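What's in query33.cif: mmCIF, C-alpha atoms and all ligand atoms
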data_structure
#
loop_
_atom_site.label_atom_id
_atom_site.label_comp_id
_atom_site.auth_asym_id
_atom_site.auth_seq_id
_atom_site.Cartn_x
_atom_site.Cartn_y
_atom_site.Cartn_z
CA MET A 1 -6.56 30.03 6.59
CA PRO A 2 -3.17 28.31 6.65
CA PHE A 3 -4.59 24.81 6.07
CA ARG A 4 -5.92 23.18 2.94
CA PRO A 5 -7.98 19.98 2.80
CA ARG A 6 -5.86 16.85 2.59
CA TYR A 7 -5.39 15.64 -1.01
CA THR A 8 -7.19 12.31 -1.19
CA GLY A 9 -6.58 11.14 -4.72
CA LEU A 10 -7.92 11.72 -8.19
CA ILE A 11 -11.31 10.04 -7.79
CA ASP A 12 -12.22 12.42 -4.98
CA LYS A 13 -10.92 15.38 -6.94
CA TYR A 14 -12.60 14.52 -10.25
CA ARG A 15 -15.62 12.67 -8.85
CA ASP A 16 -18.04 14.57 -11.14
CA ARG A 17 -16.18 13.41 -14.24
CA LEU A 18 -15.71 9.77 -13.25
CA PRO A 19 -18.17 6.86 -13.12
CA VAL A 20 -18.47 6.59 -9.32
CA HIS A 21 -21.42 7.03 -6.95
CA ASP A 22 -21.61 9.02 -3.72
CA ASP A 23 -21.46 5.83 -1.66
CA THR A 24 -18.76 4.07 -3.70
CA ARG A 25 -15.93 2.84 -1.49
CA ILE A 26 -12.88 4.46 -3.05
CA ILE A 27 -9.63 2.51 -3.17
CA SER A 28 -6.94 5.20 -3.27
CA LEU A 29 -3.32 5.74 -2.37
CA GLY A 30 -3.39 9.48 -3.08
CA GLU A 31 -2.46 9.07 -6.77
CA GLY A 32 -2.43 11.93 -9.29
CA ASN A 33 -1.52 15.58 -8.59
CA THR A 34 1.93 15.00 -10.07
CA PRO A 35 4.29 17.88 -10.88
CA LEU A 36 4.44 19.49 -14.29
CA ILE A 37 8.08 20.57 -14.39
CA ARG A 38 9.33 23.17 -16.85
CA LEU A 39 12.69 22.17 -18.29
CA ASN A 40 15.30 24.92 -18.12
CA ASN A 41 18.70 23.62 -19.10
CA ILE A 42 17.84 21.28 -21.95
CA PRO A 43 15.92 23.85 -24.07
CA ARG A 44 18.61 26.46 -23.41
CA GLU A 45 21.37 24.11 -24.48
CA CYS A 46 19.61 22.90 -27.61
CA GLY A 47 19.16 26.54 -28.57
CA ARG A 48 15.48 26.30 -29.41
CA ASP A 49 12.74 28.63 -28.31
CA ILE A 50 10.44 26.03 -26.84
CA ASP A 51 8.22 25.88 -23.77
CA LEU A 52 9.02 22.33 -22.71
CA TYR A 53 7.47 20.57 -19.71
CA VAL A 54 7.62 17.09 -18.30
CA LYS A 55 4.69 15.57 -16.40
CA TYR A 56 6.48 13.47 -13.81
CA GLU A 57 4.14 10.51 -13.45
CA GLY A 58 6.89 8.54 -11.74
CA LEU A 59 5.83 10.37 -8.58
CA ASN A 60 2.61 8.41 -8.30
CA PRO A 61 2.34 6.05 -5.28
CA THR A 62 3.78 2.99 -7.02
CA GLY A 63 6.05 5.02 -9.30
CA SER A 64 4.09 5.08 -12.53
CA PHE A 65 1.03 6.54 -14.27
CA LYS A 66 -0.71 3.17 -13.94
CA ASP A 67 -1.96 4.23 -10.51
CA ARG A 68 -4.36 6.73 -12.10
CA GLY A 69 -6.10 3.90 -13.90
CA MET A 70 -5.71 1.35 -11.14
CA THR A 71 -7.50 3.41 -8.49
CA MET A 72 -10.55 3.41 -10.80
CA ALA A 73 -10.26 -0.21 -11.95
CA VAL A 74 -9.87 -1.62 -8.44
CA THR A 75 -12.53 0.71 -6.98
CA LYS A 76 -15.01 -0.55 -9.58
CA ALA A 77 -13.94 -4.18 -9.19
CA VAL A 78 -14.57 -3.97 -5.43
CA GLU A 79 -17.90 -2.21 -6.03
CA ASP A 80 -18.89 -5.14 -8.24
CA GLY A 81 -18.03 -7.59 -5.46
CA CYS A 82 -14.98 -9.04 -7.17
CA LYS A 83 -12.42 -10.78 -4.96
CA ALA A 84 -9.42 -10.97 -7.29
CA VAL A 85 -7.84 -8.97 -10.09
CA ILE A 86 -5.54 -10.20 -12.84
CA CYS A 87 -3.27 -8.58 -15.41
CA ALA A 88 -0.49 -9.28 -17.85
CA SER A 89 2.29 -6.78 -17.49
CA THR A 90 5.67 -5.55 -18.57
CA GLY A 91 6.01 -4.54 -14.90
CA ASN A 92 4.30 -1.31 -13.94
CA THR A 93 0.73 -2.54 -14.25
CA SER A 94 1.58 -5.53 -12.07
CA ALA A 95 3.21 -3.29 -9.43
CA SER A 96 0.17 -1.02 -9.37
CA ALA A 97 -2.38 -3.86 -9.40
CA ALA A 98 -0.55 -5.57 -6.54
CA ALA A 99 -0.55 -2.40 -4.41
CA TYR A 100 -4.18 -1.41 -5.01
CA ALA A 101 -5.37 -5.00 -4.48
CA ALA A 102 -3.51 -5.01 -1.17
CA ARG A 103 -5.16 -1.72 -0.23
CA ALA A 104 -8.56 -3.17 -1.13
CA GLY A 105 -7.95 -6.48 0.63
CA ILE A 106 -8.41 -8.60 -2.48
CA ALA A 107 -6.08 -10.96 -4.37
CA ALA A 108 -3.90 -10.05 -7.36
CA PHE A 109 -2.58 -12.40 -10.04
CA VAL A 110 0.05 -11.01 -12.39
CA LEU A 111 1.58 -12.57 -15.50
CA ILE A 112 5.00 -11.19 -16.35
CA PRO A 113 7.51 -12.09 -19.07
CA GLU A 114 10.34 -14.09 -17.55
CA GLY A 115 13.62 -12.16 -17.41
CA LYS A 116 12.20 -9.07 -19.13
CA ILE A 117 10.88 -7.03 -16.24
CA ALA A 118 12.84 -4.37 -14.38
CA LEU A 119 13.95 -5.34 -10.89
CA GLY A 120 12.03 -2.69 -8.96
CA LYS A 121 8.74 -3.69 -10.56
CA LEU A 122 9.25 -7.36 -9.76
CA ALA A 123 10.05 -6.43 -6.17
CA GLN A 124 6.86 -4.40 -5.93
CA ALA A 125 4.57 -7.17 -7.20
CA MET A 126 6.20 -9.65 -4.82
CA ILE A 127 6.28 -7.50 -1.67
CA HIS A 128 2.62 -6.47 -2.05
CA GLY A 129 1.71 -10.14 -2.03
CA ALA A 130 0.55 -10.68 -5.60
CA VAL A 131 0.69 -14.18 -7.02
CA VAL A 132 3.42 -13.72 -9.61
CA LEU A 133 3.25 -16.01 -12.63
CA GLN A 134 6.40 -15.64 -14.65
CA ILE A 135 5.64 -16.91 -18.13
CA ARG A 136 8.11 -18.20 -20.67
CA GLY A 137 6.83 -15.77 -23.25
CA ASN A 138 6.36 -12.05 -23.80
CA PHE A 139 3.72 -9.52 -22.73
CA ASP A 140 1.52 -10.16 -25.76
CA GLU A 141 1.32 -13.87 -24.98
CA GLY A 142 0.58 -13.07 -21.35
CA MET A 143 -2.23 -10.73 -22.40
CA ARG A 144 -3.80 -13.41 -24.57
CA LEU A 145 -3.67 -15.89 -21.67
CA VAL A 146 -5.20 -13.39 -19.24
CA LYS A 147 -8.15 -12.80 -21.57
CA GLU A 148 -8.67 -16.54 -21.97
CA VAL A 149 -8.39 -17.47 -18.31
CA ALA A 150 -10.69 -14.62 -17.22
CA GLN A 151 -13.52 -16.08 -19.29
CA ASN A 152 -14.19 -18.86 -16.81
CA THR A 153 -12.38 -17.80 -13.63
CA PRO A 154 -13.71 -15.26 -11.07
CA VAL A 155 -11.04 -12.61 -11.71
CA THR A 156 -11.38 -9.06 -13.06
CA ILE A 157 -8.91 -7.93 -15.71
CA VAL A 158 -7.21 -4.66 -14.78
CA ASN A 159 -5.19 -4.14 -17.94
CA SER A 160 -6.13 -1.05 -19.92
CA ILE A 161 -8.78 -3.04 -21.84
CA ASN A 162 -10.73 -2.47 -18.61
CA PRO A 163 -12.53 0.78 -19.56
CA PHE A 164 -12.26 2.21 -16.03
CA ARG A 165 -8.49 2.32 -16.44
CA LEU A 166 -8.65 4.93 -19.20
CA GLN A 167 -11.23 6.91 -17.26
CA GLY A 168 -8.78 7.28 -14.40
CA GLN A 169 -5.85 8.03 -16.68
CA LYS A 170 -7.66 10.85 -18.52
CA THR A 171 -7.26 12.96 -15.37
CA ALA A 172 -3.61 13.61 -16.23
CA ALA A 173 -4.82 15.79 -19.12
CA PHE A 174 -7.13 17.67 -16.73
CA GLU A 175 -4.22 18.44 -14.42
CA ILE A 176 -2.05 19.71 -17.27
CA ILE A 177 -4.78 22.03 -18.51
CA GLU A 178 -5.40 23.36 -15.01
CA GLU A 179 -1.72 24.22 -14.61
CA LEU A 180 -1.14 25.74 -18.04
CA GLU A 181 -4.61 27.34 -18.18
CA ARG A 182 -4.85 25.91 -21.70
CA ALA A 183 -3.90 22.70 -23.45
CA PRO A 184 -0.30 22.49 -24.73
CA ASP A 185 0.34 22.62 -28.48
CA PHE A 186 1.93 19.17 -28.48
CA HIS A 187 1.74 16.25 -26.07
CA CYS A 188 4.36 13.51 -26.41
CA LEU A 189 4.02 10.05 -24.86
CA PRO A 190 5.80 6.72 -24.98
CA VAL A 191 3.45 4.17 -26.53
CA GLY A 192 3.12 0.50 -25.68
CA ASN A 193 -0.50 -0.67 -25.60
CA ALA A 194 -1.52 2.92 -26.44
CA GLY A 195 -3.96 3.11 -23.54
CA ASN A 196 -2.35 6.18 -22.06
CA ILE A 197 -2.24 8.26 -25.24
CA SER A 198 -5.91 7.38 -25.80
CA ALA A 199 -6.81 8.30 -22.21
CA HIS A 200 -5.07 11.67 -22.48
CA TRP A 201 -6.95 12.44 -25.67
CA MET A 202 -10.22 11.60 -23.89
CA GLY A 203 -9.30 14.02 -21.10
CA TYR A 204 -8.33 16.84 -23.44
CA SER A 205 -11.46 16.30 -25.52
CA GLU A 206 -13.69 16.33 -22.44
CA TYR A 207 -12.36 19.70 -21.26
CA LEU A 208 -12.79 21.11 -24.77
CA GLU A 209 -16.37 19.82 -25.03
CA HIS A 210 -17.23 21.34 -21.67
CA GLY A 211 -15.81 24.71 -22.67
CA ILE A 212 -13.02 24.70 -20.09
CA VAL A 213 -10.47 25.27 -22.86
CA ASN A 214 -10.74 26.00 -26.55
CA ASN A 215 -7.76 24.02 -27.81
CA ARG A 216 -6.42 20.46 -27.84
CA PRO A 217 -2.84 19.33 -28.40
CA ARG A 218 -1.49 17.38 -31.32
CA MET A 219 -0.70 13.97 -29.84
CA ILE A 220 2.62 12.33 -30.65
CA GLY A 221 3.28 8.69 -29.81
CA TYR A 222 6.85 7.46 -29.74
CA GLN A 223 7.72 3.77 -29.72
CA ALA A 224 11.01 1.94 -29.32
CA SER A 225 12.37 0.93 -32.74
CA GLY A 226 12.31 -2.76 -31.84
CA ALA A 227 8.70 -2.53 -30.70
CA ALA A 228 7.05 -0.09 -33.08
CA PRO A 229 3.90 -1.68 -34.55
CA PHE A 230 2.22 1.72 -35.04
CA LEU A 231 5.06 2.90 -37.20
CA ARG A 232 5.10 -0.37 -39.18
CA GLY A 233 1.30 -0.23 -39.50
CA ALA A 234 0.99 -3.84 -38.34
CA MET A 235 1.35 -5.92 -35.21
CA ILE A 236 4.77 -7.48 -34.63
CA ASP A 237 5.51 -10.82 -32.98
CA ASN A 238 8.95 -10.47 -31.44
CA PRO A 239 9.27 -6.99 -29.98
CA ASP A 240 12.53 -6.11 -28.31
CA THR A 241 13.96 -3.03 -26.62
CA VAL A 242 15.96 -1.97 -23.59
CA ALA A 243 12.81 -0.09 -22.56
CA THR A 244 11.15 -3.26 -21.27
CA ALA A 245 8.00 -1.37 -20.18
CA ILE A 246 7.07 -0.83 -23.83
CA ARG A 247 8.28 -4.17 -25.19
CA ILE A 248 4.86 -4.74 -26.75
CA GLY A 249 4.09 -5.91 -30.29
CA HIS A 250 0.31 -6.29 -30.16
CA PRO A 251 -1.06 -3.04 -28.67
CA GLN A 252 -4.45 -3.49 -27.02
CA SER A 253 -5.73 0.01 -27.91
CA TRP A 254 -4.84 -0.23 -31.61
CA GLU A 255 -8.05 1.29 -33.03
CA LEU A 256 -8.31 3.99 -30.37
CA ALA A 257 -4.76 5.15 -30.95
CA TRP A 258 -5.24 5.55 -34.70
CA LYS A 259 -8.30 7.68 -33.97
CA VAL A 260 -6.18 9.82 -31.65
CA ARG A 261 -3.66 10.33 -34.40
CA GLU A 262 -6.33 11.34 -36.89
CA GLY A 263 -8.40 13.42 -34.47
CA SER A 264 -5.44 15.36 -33.14
CA ASP A 265 -3.50 15.60 -36.41
CA GLY A 266 -0.63 13.93 -34.58
CA TRP A 267 1.86 11.27 -35.54
CA PHE A 268 3.75 8.16 -34.46
CA ASP A 269 7.50 7.79 -34.63
CA GLU A 270 10.21 5.54 -33.28
CA CYS A 271 13.33 6.03 -31.17
CA SER A 272 16.32 3.72 -31.08
CA ASP A 273 17.46 2.22 -27.78
CA GLU A 274 20.51 4.50 -27.96
CA GLU A 275 18.35 7.60 -28.32
CA ILE A 276 16.14 6.48 -25.44
CA LEU A 277 19.05 5.93 -23.06
CA ALA A 278 20.70 9.18 -24.12
CA ALA A 279 17.51 11.11 -23.34
CA GLN A 280 17.20 9.38 -19.96
CA LYS A 281 20.76 10.38 -19.08
CA LEU A 282 20.36 13.93 -20.39
CA LEU A 283 17.34 14.43 -18.17
CA THR A 284 19.08 13.09 -15.08
CA GLU A 285 22.28 15.06 -15.64
CA LYS A 286 20.86 18.36 -16.91
CA GLU A 287 17.59 18.64 -15.01
CA GLY A 288 17.84 16.32 -12.00
CA ILE A 289 14.88 14.22 -13.08
CA PHE A 290 15.17 10.44 -13.08
CA CYS A 291 12.69 8.49 -15.19
CA GLU A 292 12.80 4.93 -16.42
CA PRO A 293 14.03 4.20 -19.98
CA ALA A 294 10.55 3.77 -21.53
CA SER A 295 9.54 7.17 -20.19
CA ALA A 296 12.51 8.89 -21.78
CA THR A 297 11.17 7.83 -25.19
CA SER A 298 8.78 10.80 -25.09
CA LEU A 299 11.62 13.26 -24.56
CA ALA A 300 13.94 11.53 -27.03
CA GLY A 301 11.36 11.84 -29.77
CA ALA A 302 10.34 15.36 -28.82
CA LEU A 303 13.92 16.66 -28.87
CA ARG A 304 14.46 15.19 -32.32
CA ASP A 305 11.22 16.70 -33.65
CA ILE A 306 12.02 20.07 -32.03
CA ASP A 307 15.44 19.97 -33.63
CA SER A 308 14.06 19.22 -37.09
CA GLY A 309 11.36 21.88 -36.78
CA LYS A 310 8.54 19.35 -37.05
CA ILE A 311 7.56 20.76 -33.64
CA PRO A 312 7.89 24.46 -34.51
CA ALA A 313 9.71 27.10 -32.44
CA GLY A 314 7.47 28.88 -29.99
CA SER A 315 5.40 25.77 -29.25
CA SER A 316 4.41 24.55 -25.82
CA VAL A 317 5.21 20.86 -25.42
CA VAL A 318 4.43 18.40 -22.65
CA CYS A 319 6.29 15.10 -22.43
CA THR A 320 4.86 12.48 -20.08
CA LEU A 321 7.46 10.73 -17.96
CA THR A 322 5.45 7.60 -17.31
CA GLY A 323 7.59 5.84 -14.69
CA HIS A 324 10.24 6.51 -12.05
CA GLY A 325 13.91 5.82 -12.77
CA LEU A 326 14.26 3.72 -9.61
CA LYS A 327 12.11 1.07 -11.25
CA ASP A 328 15.08 -0.09 -13.29
CA PRO A 329 18.32 0.38 -11.34
CA ASP A 330 20.20 -2.18 -13.46
CA THR A 331 19.84 -0.23 -16.69
CA ALA A 332 20.76 3.02 -14.92
CA ILE A 333 23.94 1.60 -13.44
CA ARG A 334 24.92 -0.04 -16.73
CA GLN A 335 24.76 3.40 -18.37
CA CYS A 336 27.35 4.91 -16.05
CA ALA A 337 30.57 3.74 -17.61
CA GLY A 338 32.82 5.52 -15.12
CA GLY A 339 31.20 3.67 -12.28
CA VAL A 340 32.13 4.52 -8.71
CA ILE A 341 35.59 5.29 -7.38
CA SER A 342 36.92 2.98 -4.67
CA VAL A 343 39.29 4.65 -2.20
CA ASP A 344 40.84 3.81 1.13
CA ALA A 345 39.05 5.29 4.13
CA ALA A 346 41.69 7.99 4.64
CA LEU A 347 41.78 11.75 4.05
CA GLY A 348 44.57 11.70 1.47
CA PRO A 349 42.93 9.44 -1.12
CA VAL A 350 39.52 11.04 -0.63
CA ARG A 351 40.97 14.55 -1.12
CA ASP A 352 42.96 13.41 -4.17
CA ALA A 353 39.87 11.92 -5.76
CA ILE A 354 37.94 15.16 -5.23
CA VAL A 355 40.70 17.37 -6.61
CA GLU A 356 41.12 15.15 -9.67
CA ASN A 357 37.44 15.34 -10.44
CA LEU A 358 36.83 19.04 -9.83
CA ALA A 359 36.00 20.48 -13.20
C1 LIG B 401 6.78 3.31 -17.97
O1 LIG B 401 2.90 -2.36 -17.21
O2 LIG B 401 1.92 -2.08 -20.48
O3 LIG B 401 0.85 2.85 -24.20
O4 LIG B 401 2.08 -3.87 -18.52
O5 LIG B 401 5.13 1.03 -17.98
O6 LIG B 401 -0.60 2.96 -22.18
O7 LIG B 401 0.65 0.87 -22.73
C2 LIG B 401 3.31 -0.58 -19.30
C3 LIG B 401 3.29 0.44 -20.19
C4 LIG B 401 4.85 3.67 -21.04
C5 LIG B 401 3.10 2.44 -22.23
N1 LIG B 401 5.71 3.88 -20.05
O8 LIG B 401 1.82 2.89 -21.92
C6 LIG B 401 2.50 -2.73 -18.31
C7 LIG B 401 2.53 -1.80 -19.47
C8 LIG B 401 5.81 3.00 -19.04
C9 LIG B 401 5.00 1.87 -19.02
C10 LIG B 401 4.02 2.57 -21.08
C11 LIG B 401 4.12 1.63 -20.08
P1 LIG B 401 0.60 2.37 -22.80
#
What is this structure when it is put down as structure tokens?
Amino acid sequence: MPFRPRYTGLIDKYRDRLPVHDDTRIISLGEGNTPLIRLNNIPRECGRDIDLYVKYEGLNPTGSFKDRGMTMAVTKAVEDGCKAVICASTGNTSASAAAYAARAGIAAFVLIPEGKIALGKLAQAMIHGAVVLQIRGNFDEGMRLVKEVAQNTPVTIVNSINPFRLQGQKTAAFEIIEELERAPDFHCLPVGNAGNISAHWMGYSEYLEHGIVNNRPRMIGYQASGAAPFLRGAMIDNPDTVATAIRIGHPQSWELAWKVREGSDGWFDECSDEEILAAQKLLTEKEGIFCEPASATSLAGALRDIDSGKIPAGSSVVCTLTGHGLKDPDTAIRQCAGGVISVDAALGPVRDAIVENLA
């Protein structure tokens, strides 16, 4: 039989493990089923015996892992008869909420920090028709406002404090297990609100409890140095980092994430902006994989911990690449010091430029 059934998204695939009914109208854009790519060149060059994979969540419909949670959150909001969703966002949640609300035919309101959201994400929220409220404040202030306004306005919050979000996001762990036929030894993620690390742990734990695997990974959460409340052990008020997606000082899943650390015998660490950008560039140049800066935090941290032996040789490691590189073209271009070469539209100059640059 040369044909397989059309892939129709993660709710259809994992229906038995998600809180939906047979007659629930599913709001899906075919999210999930993202590639788990084994890195070749980076492990070889760093000279470590390591089985290193990236889970390329940037290949979800709106370019980030948020779609896994949003398909569930919007499906349930529509099931409950809600006509509008709202979120605060550093960018990806707003892009995803805007798209899934459009798909559902309901309204989306998004609060974003003025001047601190990557261009692609802003474009997405706008083109999908969300009402974009740019606040003169950061994500944490936006989140507080969203919680307040939702108390007496008919809008459903679709940030990760909405429990259906984490239910959807746990499916990434299912997919990894199905591909590796076991759980990895270590799973590294960038951490902002810590919803995603918590959701992955739920997924891994569920497959362990149901006897599908007999191991769980140690979970490692990396934060940007300027926005690292887990490392400091306390919330921070003025987070700052080039990785705007994780420019968060008051994580919403604070308690959950500490339980993940304890339960998995994992740890939190920080990466500087320089380390984050270097990892992003390494991945694009050595493996052909383009993720946004925040996403590269998982790889930046993992490479450092592999190098120091904290992640021992022989381990299998999965790094989640949470968002696509095209989300933030400005930061990518700014990283390429050489820029582009301008030449006259004539054979001579074009040939000269090629010869000069042949290694
Ligand atoms: C690319 O969009 O919080 O630790 O408002 O966009 O689950 O918060 C984004 C978070 C990592 C952190 N990588 O995940 C938002 C938002 C990317 C992200 C995170 C985000 P959590």
List all protein, DNA and RNA residues that have an atom no more than 6 Å from any atom of ligand LIG 401 (chain B), counting all atoms listed in the file, and report them as a ChimeraX atom specification.
/A:89-93,190-196,245-246,294-295,322-323
Restricting to all atoms listed in the file, whichever of A:Lys13, A:Val54, A:Tyr100, A:Glu255 is closest to Ile37 in chain A is A:Val54
A straight line from CA of Leu283 in chain A to CA of Thr297 in chain A spans 11.4 Å
Compile the contact shell of Thr71 in chain A as a ChimeraX atom specification: residues with an atom at most 8 Å away, counting all atoms listed in the file, same-chain residues fewer than 6 positions apart removed.
/A:11,26-29,31,100,168
As an exercise, work out the distance from CA of Leu59 in chain A to CA of Arg25 in chain A in Å and give it to one decimal place.
24.1 Å
Of the candidates A:Val158, A:Val317, A:Val149, A:Ile135, which shows the shortest atom-to-atom distance to Ile220 in chain A, using only C-alpha atoms?
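Residue with the minimum atom-to-atom distance to Ile220 in chain A: A:Val317.
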Restricting the calculation to all atoms listed in the file, which member of A:Glu179, A:Asp237, A:Asp305, A:Glu292 is positioned closest to Gly249 in chain A?
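Checking each candidate against Gly249 in chain A, we get A:Asp237 as the closest.
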Atomic distance CA of Ala123 in chain A - CA of Ile157 in chain A, expressed in Å with one decimal
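Value for the CA of Ala123 in chain A-CA of Ile157 in chain A distance: 21.3 Å.
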Of the candidates A:Arg247, A:Arg103, A:Arg165, A:Lys116, which one gets nearest to Asp273 in chain A if we count all atoms listed in the file?
A:Arg247
Contact check, range 23-136 of chain A to range 326-333 of chain A, at most 10 Å, counting all atoms listed in the file, closest pairs as CSV:
residue,atom,partner,partner_atom,distance
A:Gly58,CA,A:Leu326,CA,9.1
A:Thr62,CA,A:Lys327,CA,9.5
A:Gly63,CA,A:Lys327,CA,7.5
A:Ser64,CA,A:Lys327,CA,9.1
A:Gly91,CA,A:Lys327,CA,9.1
A:Asn92,CA,A:Lys327,CA,8.6
A:Ile117,CA,A:Asp328,CA,8.6
A:Ala118,CA,A:Asp328,CA,5.0
A:Leu119,CA,A:Asp328,CA,5.9
A:Gly120,CA,A:Lys327,CA,4.4
A:Lys121,CA,A:Lys327,CA,5.9
A:Leu122,CA,A:Lys327,CA,9.0
A:Ala123,CA,A:Lys327,CA,9.3
A:Gln124,CA,A:Lys327,CA,9.3
Asp265 in chain A environment, 10 Å, all atoms listed in the file, sequence neighbours closer than 2 positions dropped, as number ranges by chain:
A: 217-220, 259-263, 267
Using all atoms listed in the file, which residues sit within 8 Å of Val213 in chain A once same-chain residues fewer than 3 positions away are excluded, as a PyMOL selection string?
chain A and resi 177+181-183+207-208+210
Considering all atoms listed in the file, can you say which of A:Val132, A:Met1, A:Ala108, A:Cys87 comes closest to Leu145 in chain A?
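Using all atoms listed in the file, Leu145 in chain A sits closest to A:Cys87.
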For Ala130 in chain A: contacts at 12 Å, only C-alpha atoms, fewer than 3 positions along chain excluded, given as a PyMOL selection string
chain A and resi 84-87+93-103+105-112+121-127+133-134
